[in-house]
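Working notes, beginning with the structure itself.
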Amino acid sequence: MDLKTLYAPVARDLADVETNFNELADYWKAEFPELHDMLRHILVGGKILRPALTFMAGRCIDGQSKKILNMATANELMHIATLVHDDAIDRADTRRGRLTVNKLWGTEKAILLGDFLFARASEFAASTDNLRVTKLFSQTLGIIAVGELRQARDIYSSDQGMEKYLQRIAGKTAALLKMSAESGAILAGGNEAQIEALAGYGYNLGMAFQIVDDILDFIGTEAELGKPVGSDLRQGTVTLPALLLIQKHPSDNPVSDFLAGKDREGNIARAIKLIKSEGLIEESYKLAESFSGKAISLLEGLPDNACRRGLSALADYLVRRRN
């Protein structure tokens, strides 16, 4: 099963998000062509996971709800804004094989574009006229910012531990997926038990998603990832497989040596080899699968319909993907 099949129940809704993106870009075509070009570049393509979650969560409860579109758009714009800022901070030249905004237009303009996208995302969230989801949007943005600050604080540090790692990815990834599902449930008129279940589903899905991302950074190919293998570690970020290697060999491991500035290319190669050969990939997948399983179990009390079944299949798919 592929994403197109998984998203089929909300395909028309996702097309409406694309229409919102096109209208946002085209608004600036005559007045500010450069902004139009930047928006066209960054809003094209993508997996649209977050708006799909928003629609599917809402349609688990109310199959006819029309209130979700602007929040789904807001969720994806927030995500895209964080990617633009991440690429600028990391000085990344490409993302998934495409040139980044900062590579094409410069770091300063990339940061400003990210700010613009956050602002427009906030407008879309506010246009739902629902104070609860507007507040949730603001809270989530704060959580993501703190998550990024935690990552910046811990850069090139081998003194992290599992608790810090999980805390970081909860803020970096899980918070936005939680908001995506939770906001859909709220706007569809779900009761508190349904809202809580879908919020928990989004959180656990986000944790599993990020752990798999961190695994793929070591076992994927550059063609699949759109970036060099081991990119996170090269940038000084210790993810789960590298953390497990440090824990297994606390006094002598290539990750700690790399972070200390010793023979970086050689230690990257050794780290990748050891992570693959010592069962750490399998151990990492077990943790991802535990979060995915928890996400699926939280759906049990919801109405049995195509979107609930789609969310269950999505949780299974995301721990088996290759990019």
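Identifiers for the structure tokens are assigned positionally: chains receive A, B, ... in sequence, residues are indexed from 1 per chain, and ligands are indexed from 1 in the order shown.
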Residues at most 10 Å from Arg150 of chain A, counting only C-alpha atoms, excluding those fewer than 4 positions away in the same chain, as a PDB file with N, CA, C and O atoms, in the first residue's frame?
```
ATOM      1  N   ILE A 144       7.440  23.583  19.390  1.00  0.00           N
ATOM      2  CA  ILE A 144       8.403  23.312  18.317  1.00  0.00           C
ATOM      3  C   ILE A 144       9.640  24.179  18.480  1.00  0.00           C
ATOM      4  O   ILE A 144      10.773  23.708  18.317  1.00  0.00           O
ATOM      5  N   ALA A 145       9.443  25.458  18.814  1.00  0.00           N
ATOM      6  CA  ALA A 145      10.587  26.357  18.996  1.00  0.00           C
ATOM      7  C   ALA A 145      11.484  25.879  20.131  1.00  0.00           C
ATOM      8  O   ALA A 145      12.719  25.884  20.012  1.00  0.00           O
ATOM      9  N   VAL A 146      10.875  25.445  21.233  1.00  0.00           N
ATOM     10  CA  VAL A 146      11.663  24.933  22.360  1.00  0.00           C
ATOM     11  C   VAL A 146      12.391  23.657  21.945  1.00  0.00           C
ATOM     12  O   VAL A 146      13.565  23.442  22.305  1.00  0.00           O
ATOM     13  N   ASP A 154      22.099  20.873  22.429  1.00  0.00           N
ATOM     14  CA  ASP A 154      22.765  19.582  22.550  1.00  0.00           C
ATOM     15  C   ASP A 154      23.675  19.246  21.366  1.00  0.00           C
ATOM     16  O   ASP A 154      24.199  18.141  21.287  1.00  0.00           O
ATOM     17  N   ILE A 155      23.855  20.197  20.449  1.00  0.00           N
ATOM     18  CA  ILE A 155      24.647  19.923  19.259  1.00  0.00           C
ATOM     19  C   ILE A 155      26.079  19.546  19.657  1.00  0.00           C
ATOM     20  O   ILE A 155      26.675  20.150  20.552  1.00  0.00           O
ATOM     21  N   LYS A 164      16.411  12.844  27.150  1.00  0.00           N
ATOM     22  CA  LYS A 164      16.609  14.063  26.363  1.00  0.00           C
ATOM     23  C   LYS A 164      16.247  13.840  24.901  1.00  0.00           C
ATOM     24  O   LYS A 164      15.651  14.708  24.261  1.00  0.00           O
ATOM     25  N   TYR A 165      16.612  12.679  24.381  1.00  0.00           N
ATOM     26  CA  TYR A 165      16.303  12.381  22.983  1.00  0.00           C
ATOM     27  C   TYR A 165      14.791  12.372  22.751  1.00  0.00           C
ATOM     28  O   TYR A 165      14.285  13.014  21.826  1.00  0.00           O
ATOM     29  N   GLN A 167      12.460  13.686  24.568  1.00  0.00           N
ATOM     30  CA  GLN A 167      11.928  15.028  24.795  1.00  0.00           C
ATOM     31  C   GLN A 167      12.137  15.907  23.565  1.00  0.00           C
ATOM     32  O   GLN A 167      11.248  16.669  23.169  1.00  0.00           O
ATOM     33  N   ARG A 168      13.291  15.764  22.946  1.00  0.00           N
ATOM     34  CA  ARG A 168      13.605  16.587  21.777  1.00  0.00           C
ATOM     35  C   ARG A 168      12.704  16.243  20.590  1.00  0.00           C
ATOM     36  O   ARG A 168      12.161  17.128  19.927  1.00  0.00           O
ATOM     37  N   ILE A 169      12.532  14.944  20.304  1.00  0.00           N
ATOM     38  CA  ILE A 169      11.719  14.591  19.137  1.00  0.00           C
ATOM     39  C   ILE A 169      10.234  14.823  19.400  1.00  0.00           C
ATOM     40  O   ILE A 169       9.462  15.032  18.453  1.00  0.00           O
ATOM     41  N   GLY A 171       9.111  17.462  20.811  1.00  0.00           N
ATOM     42  CA  GLY A 171       8.926  18.854  20.425  1.00  0.00           C
ATOM     43  C   GLY A 171       9.177  19.087  18.950  1.00  0.00           C
ATOM     44  O   GLY A 171       8.474  19.876  18.311  1.00  0.00           O
ATOM     45  N   LYS A 172      10.121  18.372  18.389  1.00  0.00           N
ATOM     46  CA  LYS A 172      10.508  18.615  17.000  1.00  0.00           C
ATOM     47  C   LYS A 172       9.476  18.091  16.009  1.00  0.00           C
ATOM     48  O   LYS A 172       9.202  18.732  14.982  1.00  0.00           O
TER      49      LYS A 172
END
```
### Secondary structure check, helix (DSSP H, G or I) residues of segment 160-318 of chain A, as a PyMOL selection string
chain A and resi 161-187+192-219+222-225+231-234+240-248+254-259+264-277+280-297+306-318
### Query
Which polymer residues have any atom within 10 Å of an atom of Pro9 of chain A, counting only C-alpha atoms, with same-chain residues fewer than 4 positions away left out, as a PyMOL selection string?
chain A and resi 4-5+13-14+52+55-56+59+306-307+310
### Task
Mind checking which residues fall within 7 Å of segment 251-268 of chain A, counting only C-alpha atoms, ignoring those fewer than 4 positions away in the same chain, and posting them as a PyMOL selection string?
chain A and resi 156-158+236+242+246+272
Write out, as an mmCIF file, in the first residue's frame, the residues just selected, with N, CA and C atoms.
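Writing done, so here's selection19.cif:
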```
data_model
loop_
_atom_site.group_PDB
_atom_site.id
_atom_site.type_symbol
_atom_site.label_atom_id
_atom_site.label_comp_id
_atom_site.auth_asym_id
_atom_site.auth_seq_id
_atom_site.Cartn_x
_atom_site.Cartn_y
_atom_site.Cartn_z
ATOM 1 N N TYR A 156 26.610 18.514 19.041
ATOM 2 C CA TYR A 156 27.960 17.993 19.295
ATOM 3 C C TYR A 156 28.173 17.589 20.766
ATOM 4 N N SER A 157 27.099 17.208 21.439
ATOM 5 C CA SER A 157 27.217 16.739 22.822
ATOM 6 C C SER A 157 26.859 15.265 22.877
ATOM 7 N N SER A 158 27.714 14.465 23.501
ATOM 8 C CA SER A 158 27.431 13.039 23.656
ATOM 9 C C SER A 158 26.733 12.753 24.978
ATOM 10 N N GLY A 236 26.208 17.059 13.982
ATOM 11 C CA GLY A 236 26.364 17.074 15.429
ATOM 12 C C GLY A 236 25.134 16.691 16.217
ATOM 13 N N ALA A 242 22.630 6.338 17.069
ATOM 14 C CA ALA A 242 23.926 6.789 17.598
ATOM 15 C C ALA A 242 23.919 6.798 19.119
ATOM 16 N N ILE A 246 26.440 4.770 21.765
ATOM 17 C CA ILE A 246 27.140 5.380 22.908
ATOM 18 C C ILE A 246 26.835 4.598 24.184
ATOM 19 N N ILE A 272 28.540 4.293 11.361
ATOM 20 C CA ILE A 272 27.509 3.711 10.491
ATOM 21 C C ILE A 272 27.664 2.187 10.438
#
```
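Closest approach to Arg40 of chain A among A:Leu113, A:Leu205, A:Ala8, A:Ala74 is made by A:Leu113 (distances from only C-alpha atoms).
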### Query
So which residues touch Lys227 of chain A within 12 Å, counting only C-alpha atoms, skipping near sequence neighbours fewer than 2 positions away, as an NGL selection string?
:A and (87 or 92-100 or 216-218 or 220-225 or 229-232 or 234 or 323)
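Of the listed residues (A:Leu302, A:Ile80, A:Ile68, A:Leu311), A:Ile80 comes nearest to Arg120 of chain A; the distances count only C-alpha atoms.
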#### Entry: Best match for closeness to Leu243 of chain A among A:Glu163, A:His85, A:Lys109, A:Phe291, counting only C-alpha atoms
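Selected residue with least distance to Leu243 of chain A: A:Glu163.
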### Task
as a VMD selection string, please: all residues of segment 5-223 of chain A that backbone DSSP puts in strand (DSSP E).
chain A and resid 94 to 95 98 to 99
### Task
Calculate how many Å separate atom CA of Ile89 of chain A from atom CA of Ile281 of chain A, rounding to one decimal.
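Computing the Euclidean distance for atom CA of Ile89 of chain A and atom CA of Ile281 of chain A yields 28.1 Å.
In this structure, atom CA of Glu148 of chain A sits 24.6 Å away from atom CA of Ser290 of chain A.
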